[in-house]
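Structure file target_27.txt; described as compact mmCIF, C-alpha atoms.
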# COMPACT_ATOMS: atom_id res chain seq x y z
CA MET A 17 46.31 70.46 34.16
CA THR A 18 47.06 69.15 37.62
CA THR A 19 50.08 67.01 38.39
CA ARG A 20 47.79 64.04 39.16
CA ASN A 21 46.02 64.21 35.74
CA LEU A 22 49.34 64.59 33.92
CA LEU A 23 50.76 61.43 35.49
CA PHE A 24 47.58 59.47 34.58
CA SER A 25 47.81 60.58 30.92
CA LEU A 26 51.46 59.57 30.68
CA LEU A 27 50.70 56.13 32.16
CA LEU A 28 47.80 55.54 29.72
CA THR A 29 49.94 56.53 26.73
CA THR A 30 52.71 54.15 27.82
CA LEU A 31 50.25 51.26 28.08
CA LEU A 32 48.78 51.92 24.60
CA VAL A 33 52.22 52.00 22.99
CA ALA A 34 53.15 48.75 24.70
CA CYS A 35 50.00 47.05 23.44
CA ASN A 36 50.59 48.19 19.84
CA ASP A 37 54.12 46.85 19.86
CA GLU A 38 52.96 43.31 20.74
CA THR A 39 52.88 40.82 17.78
CA PRO A 40 49.49 39.02 17.45
CA PRO A 41 49.62 35.27 18.01
CA MET A 42 49.99 33.12 14.80
CA LEU A 43 47.18 30.61 14.04
CA ALA A 44 48.13 27.16 12.69
CA PRO A 45 47.06 26.59 9.06
CA PRO A 46 43.95 24.37 8.99
CA ALA A 47 44.01 20.74 7.85
CA VAL A 48 41.28 19.41 5.54
CA THR A 49 40.30 16.21 3.80
CA VAL A 50 39.47 16.31 0.11
CA VAL A 51 37.97 13.97 -2.46
CA THR A 52 39.06 14.30 -6.07
CA LEU A 53 35.94 14.10 -8.22
CA GLN A 54 35.98 11.83 -11.25
CA ALA A 55 33.53 11.56 -14.13
CA GLU A 56 31.89 8.17 -14.57
CA ASP A 57 28.93 6.49 -16.24
CA VAL A 58 26.04 6.19 -13.78
CA THR A 59 22.77 4.31 -14.15
CA LEU A 60 19.99 6.61 -13.03
CA THR A 61 17.01 4.98 -11.36
CA ARG A 62 13.67 6.22 -10.09
CA GLU A 63 11.76 4.90 -7.12
CA LEU A 64 8.05 4.72 -7.92
CA PRO A 65 5.14 3.61 -5.73
CA GLY A 66 3.07 0.77 -7.09
CA ARG A 67 0.67 -2.04 -6.34
CA VAL A 68 0.65 -5.71 -7.18
CA ALA A 69 -1.90 -7.03 -9.68
CA SER A 70 -2.54 -10.58 -10.86
CA SER A 71 -1.20 -11.36 -14.29
CA ARG A 72 -4.39 -13.28 -15.13
CA VAL A 73 -7.80 -13.15 -13.45
CA ALA A 74 -10.70 -15.47 -14.26
CA GLU A 75 -14.16 -14.93 -12.78
CA ILE A 76 -15.98 -18.24 -12.70
CA ARG A 77 -19.57 -18.04 -13.98
CA PRO A 78 -22.00 -20.78 -15.07
CA GLN A 79 -22.93 -21.16 -18.73
CA VAL A 80 -26.05 -23.21 -18.04
CA THR A 81 -28.89 -22.92 -15.56
CA GLY A 82 -29.39 -25.45 -12.81
CA ILE A 83 -29.04 -26.43 -9.18
CA LEU A 84 -25.49 -26.50 -7.82
CA GLN A 85 -24.83 -30.08 -6.80
CA ARG A 86 -21.23 -30.08 -5.51
CA ARG A 87 -18.25 -27.82 -4.92
CA LEU A 88 -15.10 -29.62 -6.01
CA PHE A 89 -12.31 -27.37 -4.68
CA THR A 90 -10.93 -26.12 -1.40
CA GLU A 91 -11.18 -22.38 -0.92
CA GLY A 92 -7.79 -20.65 -1.11
CA SER A 93 -6.08 -23.62 -2.78
CA HIS A 94 -4.18 -23.82 -6.05
CA VAL A 95 -6.15 -25.12 -9.03
CA GLU A 96 -4.94 -26.18 -12.45
CA ALA A 97 -6.38 -25.16 -15.80
CA GLY A 98 -9.22 -27.53 -16.70
CA GLU A 99 -9.74 -28.67 -13.12
CA GLY A 100 -13.41 -29.05 -12.14
CA LEU A 101 -14.70 -26.50 -9.64
CA TYR A 102 -18.49 -26.96 -9.48
CA GLN A 103 -20.91 -29.65 -10.58
CA ILE A 104 -24.42 -28.62 -11.64
CA GLU A 105 -27.28 -31.14 -11.59
CA ASP A 106 -27.08 -32.62 -15.12
CA ALA A 107 -29.98 -35.10 -15.33
CA SER A 108 -32.03 -32.99 -17.76
CA TYR A 109 -29.02 -32.17 -19.90
CA ARG A 110 -27.97 -35.80 -20.02
CA ALA A 111 -31.49 -36.69 -21.19
CA GLU A 112 -31.17 -34.18 -24.01
CA VAL A 113 -27.93 -35.83 -25.09
CA ASN A 114 -29.60 -39.25 -25.12
CA SER A 115 -32.50 -37.86 -27.15
CA ALA A 116 -30.10 -36.29 -29.66
CA ARG A 117 -28.16 -39.54 -29.91
CA ALA A 118 -31.39 -41.45 -30.66
CA ALA A 119 -32.39 -38.89 -33.30
CA LEU A 120 -28.99 -39.36 -34.94
CA ALA A 121 -29.45 -43.14 -34.99
CA ARG A 122 -32.87 -42.72 -36.65
CA ALA A 123 -31.43 -40.34 -39.24
CA GLU A 124 -28.60 -42.75 -40.00
CA ALA A 125 -31.12 -45.59 -40.47
CA ALA A 126 -33.13 -43.42 -42.85
CA LEU A 127 -29.91 -42.63 -44.72
CA THR A 128 -29.14 -46.33 -45.12
CA LEU A 129 -32.62 -46.97 -46.55
CA ALA A 130 -32.29 -44.01 -48.92
CA GLN A 131 -28.90 -45.26 -50.12
CA LEU A 132 -30.30 -48.70 -50.93
CA THR A 133 -33.33 -47.21 -52.69
CA ALA A 134 -31.16 -44.90 -54.76
CA LYS A 135 -28.87 -47.78 -55.73
CA ARG A 136 -31.76 -49.94 -56.95
CA SER A 137 -33.31 -47.01 -58.76
CA ALA A 138 -30.07 -46.35 -60.62
CA GLU A 139 -30.02 -49.96 -61.90
CA LEU A 140 -33.70 -49.98 -62.90
CA VAL A 141 -33.58 -46.71 -64.79
CA LYS A 142 -30.88 -48.17 -67.04
CA VAL A 143 -33.31 -50.83 -68.34
CA ASN A 144 -36.26 -48.43 -68.37
CA ALA A 145 -37.96 -50.34 -65.54
CA ILE A 146 -38.76 -47.05 -63.78
CA SER A 147 -39.13 -43.55 -64.99
CA THR A 148 -36.41 -40.95 -64.84
CA GLN A 149 -38.52 -38.93 -62.40
CA ASP A 150 -38.69 -41.84 -59.95
CA ASN A 151 -34.90 -42.14 -60.09
CA GLU A 152 -34.47 -38.43 -59.46
CA ASN A 153 -36.87 -38.64 -56.52
CA ALA A 154 -34.74 -41.43 -55.01
CA ILE A 155 -31.60 -39.33 -55.40
CA ALA A 156 -33.29 -36.35 -53.73
CA VAL A 157 -34.46 -38.53 -50.82
CA LEU A 158 -30.86 -39.72 -50.40
CA SER A 159 -29.57 -36.14 -50.24
CA GLN A 160 -32.23 -35.22 -47.70
CA ALA A 161 -31.32 -38.22 -45.57
CA LYS A 162 -27.66 -37.15 -45.56
CA ALA A 163 -28.70 -33.64 -44.49
CA ASP A 164 -30.85 -35.09 -41.70
CA VAL A 165 -27.87 -37.03 -40.41
CA ASN A 166 -25.74 -33.87 -40.33
CA VAL A 167 -28.49 -32.00 -38.46
CA ALA A 168 -28.77 -34.82 -35.94
CA LYS A 169 -25.00 -34.81 -35.43
CA ALA A 170 -25.07 -31.06 -34.82
CA HIS A 171 -27.86 -31.43 -32.26
CA LEU A 172 -25.93 -34.19 -30.51
CA GLU A 173 -22.79 -32.08 -30.44
CA ALA A 174 -24.67 -29.03 -29.10
CA SER A 175 -26.37 -31.03 -26.36
CA SER A 176 -23.02 -32.65 -25.45
CA VAL A 177 -21.42 -29.22 -25.13
CA THR A 178 -24.28 -28.05 -22.92
CA LEU A 179 -23.89 -31.18 -20.81
CA GLY A 180 -20.18 -30.41 -20.47
CA TYR A 181 -21.02 -26.97 -19.11
CA THR A 182 -22.62 -28.62 -16.08
CA LEU A 183 -19.06 -29.30 -14.87
CA ILE A 184 -17.63 -25.80 -14.34
CA SER A 185 -13.85 -25.88 -14.81
CA SER A 186 -11.08 -23.39 -14.21
CA PRO A 187 -9.86 -21.73 -17.42
CA ILE A 188 -6.44 -20.88 -15.91
CA SER A 189 -4.04 -22.17 -13.30
CA GLY A 190 -3.81 -20.12 -10.13
CA ARG A 191 -5.10 -19.61 -6.62
CA ILE A 192 -8.84 -19.63 -6.12
CA GLY A 193 -10.56 -17.47 -3.55
CA LYS A 194 -13.70 -18.02 -1.53
CA SER A 195 -16.86 -19.50 -3.02
CA ASN A 196 -19.82 -17.13 -3.29
CA VAL A 197 -22.38 -19.96 -3.51
CA THR A 198 -23.06 -23.22 -1.71
CA GLU A 199 -24.56 -26.53 -2.70
CA GLY A 200 -28.27 -26.30 -3.52
CA ALA A 201 -28.09 -22.77 -4.92
CA LEU A 202 -29.77 -22.01 -8.22
CA VAL A 203 -27.30 -20.62 -10.73
CA THR A 204 -28.21 -19.14 -14.09
CA ALA A 205 -26.35 -18.97 -17.36
CA ASN A 206 -24.02 -15.95 -17.62
CA GLN A 207 -25.17 -14.51 -14.31
CA GLU A 208 -23.66 -11.23 -13.10
CA THR A 209 -22.29 -12.57 -9.80
CA ALA A 210 -19.19 -14.74 -10.12
CA LEU A 211 -19.17 -18.07 -8.31
CA ALA A 212 -15.47 -17.65 -7.46
CA THR A 213 -12.33 -15.96 -8.78
CA VAL A 214 -9.07 -17.58 -9.86
CA GLN A 215 -5.92 -15.43 -9.96
CA GLN A 216 -2.57 -16.35 -11.44
CA LEU A 217 0.12 -15.23 -8.99
CA ASP A 218 3.28 -16.26 -10.82
CA PRO A 219 4.23 -14.03 -12.47
CA VAL A 220 2.44 -10.90 -11.22
CA TYR A 221 2.22 -7.34 -12.52
CA ILE A 222 3.44 -4.28 -10.67
CA ASP A 223 1.42 -1.25 -11.77
CA VAL A 224 3.14 2.07 -11.11
CA THR A 225 2.50 5.64 -12.23
CA ARG A 226 4.93 8.38 -13.19
CA SER A 227 4.62 12.10 -13.79
CA GLY A 228 4.24 13.20 -17.38
CA SER A 229 6.61 16.12 -16.74
CA GLU A 230 9.38 13.67 -15.81
CA LEU A 231 8.78 11.87 -19.09
CA LEU A 232 9.35 15.12 -20.96
CA GLN A 233 12.59 15.74 -19.06
CA LEU A 234 13.84 12.26 -19.88
CA ARG A 235 13.06 12.70 -23.56
CA GLN A 236 14.92 16.00 -23.57
CA GLN A 237 17.95 14.37 -21.97
CA PHE A 238 17.84 11.52 -24.47
CA ALA A 239 17.60 14.02 -27.33
CA ALA A 240 20.54 16.01 -25.95
CA GLY A 241 22.64 12.88 -25.62
CA THR A 242 23.25 13.28 -21.88
CA LEU A 243 21.24 10.15 -21.14
CA LYS A 244 21.39 6.79 -22.90
CA THR A 245 18.95 3.91 -22.73
CA ASP A 246 19.72 0.89 -20.57
CA SER A 247 17.28 -1.87 -21.40
CA THR A 248 19.32 -4.50 -19.54
CA MET A 249 18.81 -2.90 -16.13
CA PRO A 250 16.39 -5.10 -14.11
CA VAL A 251 13.60 -3.68 -12.01
CA THR A 252 13.96 -4.22 -8.27
CA LEU A 253 11.30 -4.01 -5.58
CA LEU A 254 11.27 -2.66 -2.05
CA LEU A 255 8.56 -4.20 0.12
CA GLU A 256 6.42 -2.39 2.67
CA ASP A 257 8.83 -3.21 5.49
CA GLY A 258 11.76 -1.74 3.53
CA SER A 259 13.32 -5.10 2.64
CA ARG A 260 14.40 -5.88 -0.88
CA TYR A 261 12.44 -8.45 -2.88
CA PRO A 262 14.76 -11.35 -3.83
CA HIS A 263 13.74 -11.49 -7.50
CA ASN A 264 14.17 -8.95 -10.30
CA GLY A 265 11.56 -8.08 -12.91
CA GLU A 266 11.42 -6.31 -16.22
CA LEU A 267 9.39 -3.47 -17.68
CA ALA A 268 6.49 -4.92 -19.67
CA PHE A 269 5.11 -1.74 -21.23
CA SER A 270 4.38 1.93 -20.61
CA GLU A 271 1.04 3.56 -21.36
CA VAL A 272 0.84 5.62 -24.56
CA SER A 273 -1.32 8.35 -23.04
CA VAL A 274 -1.27 10.57 -19.96
CA ASP A 275 -4.18 10.60 -17.54
CA PRO A 276 -5.63 14.13 -17.85
CA SER A 277 -6.94 14.09 -14.27
CA THR A 278 -3.57 13.28 -12.65
CA GLY A 279 -1.01 14.27 -15.27
CA SER A 280 0.68 10.87 -14.95
CA TYR A 281 1.05 7.79 -17.11
CA ALA A 282 1.09 4.11 -16.17
CA LEU A 283 3.91 1.61 -16.25
CA ARG A 284 3.54 -2.16 -15.89
CA ILE A 285 6.31 -4.40 -14.59
CA ASN A 286 6.42 -8.15 -15.04
CA MET A 287 7.70 -9.71 -11.80
CA PRO A 288 8.28 -13.40 -11.00
CA ASN A 289 6.57 -14.61 -7.83
CA PRO A 290 7.51 -18.28 -7.34
CA ASP A 291 7.10 -18.14 -3.56
CA GLN A 292 3.89 -16.09 -3.84
CA ILE A 293 5.21 -13.46 -1.47
CA LEU A 294 3.57 -10.76 -3.55
CA MET A 295 -0.21 -10.63 -3.23
CA PRO A 296 -2.66 -8.60 -5.34
CA GLY A 297 -3.27 -5.18 -3.87
CA MET A 298 0.02 -5.09 -1.93
CA TYR A 299 1.72 -1.68 -1.84
CA LEU A 300 5.44 -1.50 -2.61
CA ARG A 301 8.08 0.62 -4.34
CA ALA A 302 9.67 -0.25 -7.65
CA VAL A 303 13.16 0.94 -8.60
CA VAL A 304 13.05 1.49 -12.37
CA ALA A 305 16.07 2.35 -14.50
CA GLU A 306 15.81 5.61 -16.45
CA GLY A 307 19.02 5.37 -18.41
CA VAL A 308 22.80 5.76 -18.22
CA ARG A 309 24.25 9.20 -17.53
CA THR A 310 27.59 9.45 -19.26
CA ASN A 311 30.48 11.41 -17.69
CA ALA A 312 28.44 12.15 -14.60
CA VAL A 313 30.04 13.90 -11.63
CA LEU A 314 29.02 12.59 -8.21
CA ALA A 315 29.88 14.62 -5.13
CA PRO A 316 29.78 13.23 -1.57
CA GLN A 317 26.85 14.67 0.32
CA GLN A 318 29.02 15.78 3.23
CA GLY A 319 30.87 18.12 0.87
CA ILE A 320 27.72 19.94 -0.28
CA THR A 321 26.15 22.54 2.01
CA ARG A 322 23.29 25.00 1.76
CA ASP A 323 23.43 28.75 2.22
CA PRO A 324 20.67 30.67 4.07
CA LYS A 325 18.73 30.93 0.80
CA GLY A 326 18.84 27.19 0.26
CA ASN A 327 21.32 27.27 -2.62
CA ALA A 328 23.85 24.44 -2.79
CA THR A 329 27.51 25.42 -2.26
CA ALA A 330 30.81 23.58 -2.05
CA MET A 331 34.34 24.33 -0.86
CA VAL A 332 37.01 23.39 -3.41
CA LEU A 333 40.79 23.41 -3.05
CA ASN A 334 42.62 24.96 -6.04
CA GLN A 335 46.16 24.31 -7.27
CA ASP A 336 47.59 26.87 -4.80
CA ASN A 337 45.92 25.10 -1.86
CA LYS A 338 43.52 28.00 -1.52
CA VAL A 339 39.89 27.48 -0.63
CA GLU A 340 37.33 28.46 -3.26
CA LEU A 341 33.59 28.76 -2.73
CA ARG A 342 31.53 27.28 -5.58
CA ASN A 343 27.83 27.63 -6.28
CA VAL A 344 26.69 24.26 -7.54
CA THR A 345 23.52 22.75 -8.96
CA VAL A 346 22.52 19.24 -7.91
CA SER A 347 19.56 17.27 -9.20
CA ARG A 348 19.23 14.07 -7.22
CA THR A 349 20.88 11.76 -4.75
CA ILE A 350 22.44 8.48 -5.83
CA GLY A 351 23.21 6.46 -2.76
CA ASP A 352 25.21 8.80 -0.50
CA LYS A 353 26.20 11.23 -3.25
CA TRP A 354 24.74 14.16 -5.13
CA LEU A 355 24.51 14.16 -8.90
CA VAL A 356 26.09 17.47 -9.90
CA GLU A 357 24.62 19.32 -12.87
CA ASP A 358 26.78 22.45 -12.72
CA GLY A 359 29.53 24.05 -10.61
CA LEU A 360 31.87 21.08 -10.19
CA ALA A 361 33.88 19.16 -12.75
CA SER A 362 36.02 16.08 -12.93
CA GLY A 363 39.38 16.69 -11.23
CA ASP A 364 38.08 19.22 -8.67
CA LYS A 365 39.22 18.60 -5.10
CA LEU A 366 36.09 18.79 -2.98
CA ILE A 367 36.65 19.44 0.72
CA VAL A 368 34.62 16.95 2.77
CA GLU A 369 36.16 17.35 6.25
CA GLY A 370 37.41 20.43 8.10
CA LEU A 371 34.78 22.76 6.66
CA GLN A 372 34.24 24.47 10.02
CA LYS A 373 37.84 25.66 10.14
CA ILE A 374 38.17 27.25 6.70
CA GLN A 375 36.93 30.26 4.77
CA PRO A 376 37.13 31.22 1.08
CA GLY A 377 40.63 32.45 0.18
CA MET A 378 42.32 30.71 3.09
CA VAL A 379 45.49 28.72 2.39
CA VAL A 380 45.43 25.14 3.60
CA ALA A 381 48.68 23.61 4.78
CA GLN A 382 47.78 19.96 5.39
CA VAL A 383 45.64 18.09 2.87
CA THR A 384 44.49 14.48 3.23
CA GLU A 385 43.38 12.78 0.02
CA ARG A 386 40.53 10.35 0.47
CA ASN A 387 39.22 7.85 -2.06
CA SER A 388 35.57 8.57 -2.73
CA ALA A 389 34.53 4.99 -3.48
CA ALA A 390 36.36 3.46 -0.52
CA THR A 391 35.24 6.04 2.01
CA LEU A 392 31.71 6.93 1.02
CA GLY A 393 30.52 3.66 -0.51
CA GLN A 394 30.51 2.25 -4.00
CA ASN A 395 28.05 3.82 -6.41
CA ALA A 396 27.05 0.35 -7.56
CA ASP A 397 25.62 -0.34 -4.11
CA ALA A 398 23.13 2.47 -4.50
CA ILE A 399 19.84 0.97 -5.61
CA THR A 400 17.76 4.09 -5.61
CA SER A 401 17.90 7.73 -6.57
CA SER A 402 15.42 10.48 -5.81
CA ILE A 403 14.64 13.91 -7.18
CA ALA A 404 16.29 16.63 -5.12
CA HIS A 405 13.94 19.13 -3.53
Final structure tokens representation of the file:
Amino acid sequence: MTTRNLLFSLLLTTLLVACNDETPPMLAPPAVTVVTLQAEDVTLTRELPGRVASSRVAEIRPQVTGILQRRLFTEGSHVEAGEGLYQIEDASYRAEVNSARAALARAEAALTLAQLTAKRSAELVKVNAISTQDNENAIAVLSQAKADVNVAKAHLEASSVTLGYTLISSPISGRIGKSNVTEGALVTANQETALATVQQLDPVYIDVTRSGSELLQLRQQFAAGTLKTDSTMPVTLLLEDGSRYPHNGELAFSEVSVDPSTGSYALRINMPNPDQILMPGMYLRAVVAEGVRTNAVLAPQQGITRDPKGNATAMVLNQDNKVELRNVTVSRTIGDKWLVEDGLASGDKLIVEGLQKIQPGMVVAQVTERNSAATLGQNADAITSSIAH
């Protein structure tokens, strides 16, 4: 080996030894913020799409045939039950009433004559002035006269009812739509086309649908005791623009069968509508209570992450201030939190800040405790929950 190569080797060896003797720089222990999870009772809700339907709908149709004489309402206005809507020409029907009234008067006159005849006959038969057969004939004529009066009264009543049908009235109170006929039109009894439609808009129904599979899950949770009924929870509405409807409703009924074509069943909500903001056919979202989840664990969303496979994970601080990686199962969001099904328990310290600076097994020196309700929002403010995907 040449003298030049020998000197280069000695210099390289000296440099390597010097590098190995240097102490690596010390990194400061990371600081994190944790939230101590606590079990609590949570009301689970479900946001369902729905449409508004009138609580009562009356299609106005004539019950007699005639020429429409007058329209008595303003289109789009509110009408009361019993209020007249249309007037049909009633001259012929009024004549029938007068004829029936005259027939009744004639029958009553015949009854009076029969009563007098029967009375005299009863006195004469006692002294054998007339035969028993003549007396019986007088009694029979009296009975027939009474029957004729009853028939005449029935005819008068029937013709009066028919005359009353010439004034078409609203059977319910509500808002009436446009008129499909005008004055001078010929209308027929029980025709297929409605003259107009009256809809009651206070209260209204909210018709929503829900998956039958979700119903099975709820029943399983009720059977297992993890979910309890909450019949006092009102139903709230979210309008098309995202605003909250100022009034609360209640669940009227749920359908007893599942639609085989869609696999869903129907729910109907009774909702007050004093200001008539809700109109039939309007699309909205209803927040319906499912039940109360006892001892539920809610984890702030910022403390739950996803691995490359999409599985939910969380960083937890143990008693030795060491970071632990947990695989967790979450089912839905409630406000700004996840509902935890497995992997986290009450009392666990979930790391919500400083996640970028830590790794599993690392010791944390500085820990800041943060109140979950004060920092991330009260659970009571959450009005909706959705199924996690």
* Asked: Looking at all atoms listed in the file, which of A:Leu355, A:Ala328, A:Leu254, A:Leu132 is the one that sits closest to Arg342 of chain A?
  -> A:Ala328
* Grab the atom CA of Ala212 of chain A to atom CA of Ile188 of chain A distance for me, in Å with one decimal place. => 12.8 Å
* To do: Pick out the residues sitting within 10 Å of Val220 of chain A, and hand them over as a list in words; count only C-alpha atoms, and ignore anything fewer than 4 positions along from it in its own chain.
  => Val68, Ala69, Ser70, Ser71, Arg72, Gln215, Gln216, Gly265, Arg284, Ile285, Asn286, Met287, Pro288, Asn289, Pro290, Gln292, Leu294, Met295 and Pro296 of chain A
Let me see the file: selected residues, C-alpha atoms, as a CSV table (one decimal), in the frame of the given file.
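out.csv written:
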chain,number,residue,atom,x,y,z
A,68,VAL,CA,0.6,-5.7,-7.2
A,69,ALA,CA,-1.9,-7.0,-9.7
A,70,SER,CA,-2.5,-10.6,-10.9
A,71,SER,CA,-1.2,-11.4,-14.3
A,72,ARG,CA,-4.4,-13.3,-15.1
A,215,GLN,CA,-5.9,-15.4,-10.0
A,216,GLN,CA,-2.6,-16.4,-11.4
A,265,GLY,CA,11.6,-8.1,-12.9
A,284,ARG,CA,3.5,-2.2,-15.9
A,285,ILE,CA,6.3,-4.4,-14.6
A,286,ASN,CA,6.4,-8.2,-15.0
A,287,MET,CA,7.7,-9.7,-11.8
A,288,PRO,CA,8.3,-13.4,-11.0
A,289,ASN,CA,6.6,-14.6,-7.8
A,290,PRO,CA,7.5,-18.3,-7.3
A,292,GLN,CA,3.9,-16.1,-3.8
A,294,LEU,CA,3.6,-10.8,-3.6
A,295,MET,CA,-0.2,-10.6,-3.2
A,296,PRO,CA,-2.7,-8.6,-5.3
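Distance-wise, atom CA of Ser108 of chain A and atom CA of Leu211 of chain A end up 21.8 Å apart.
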* Quick one: pull the distance between atom CA of Lys244 of chain A and atom CA of Arg301 of chain A, Å, one decimal. =>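 Atom-to-atom, atom CA of Lys244 of chain A to atom CA of Arg301 of chain A, that is 23.7 Å.
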* To do: May I ask which of the residues A:Ala119, A:Ile222, A:Ala154, A:Val58 is the closest one to Gly297 of chain A, counting all atoms listed in the file?
  =>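 Ranking A:Ala119, A:Ile222, A:Ala154, A:Val58 by distance to Gly297 of chain A, first place goes to A:Ile222.
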* Asked: In terms of the shortest atom-to-atom distance over all atoms listed in the file, which of A:Val73, A:Ala201, A:Val304, A:Val167 is closest to Gln103 of chain A?
  ->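 Nearest candidate to Gln103 of chain A out of A:Val73, A:Ala201, A:Val304, A:Val167: A:Ala201.
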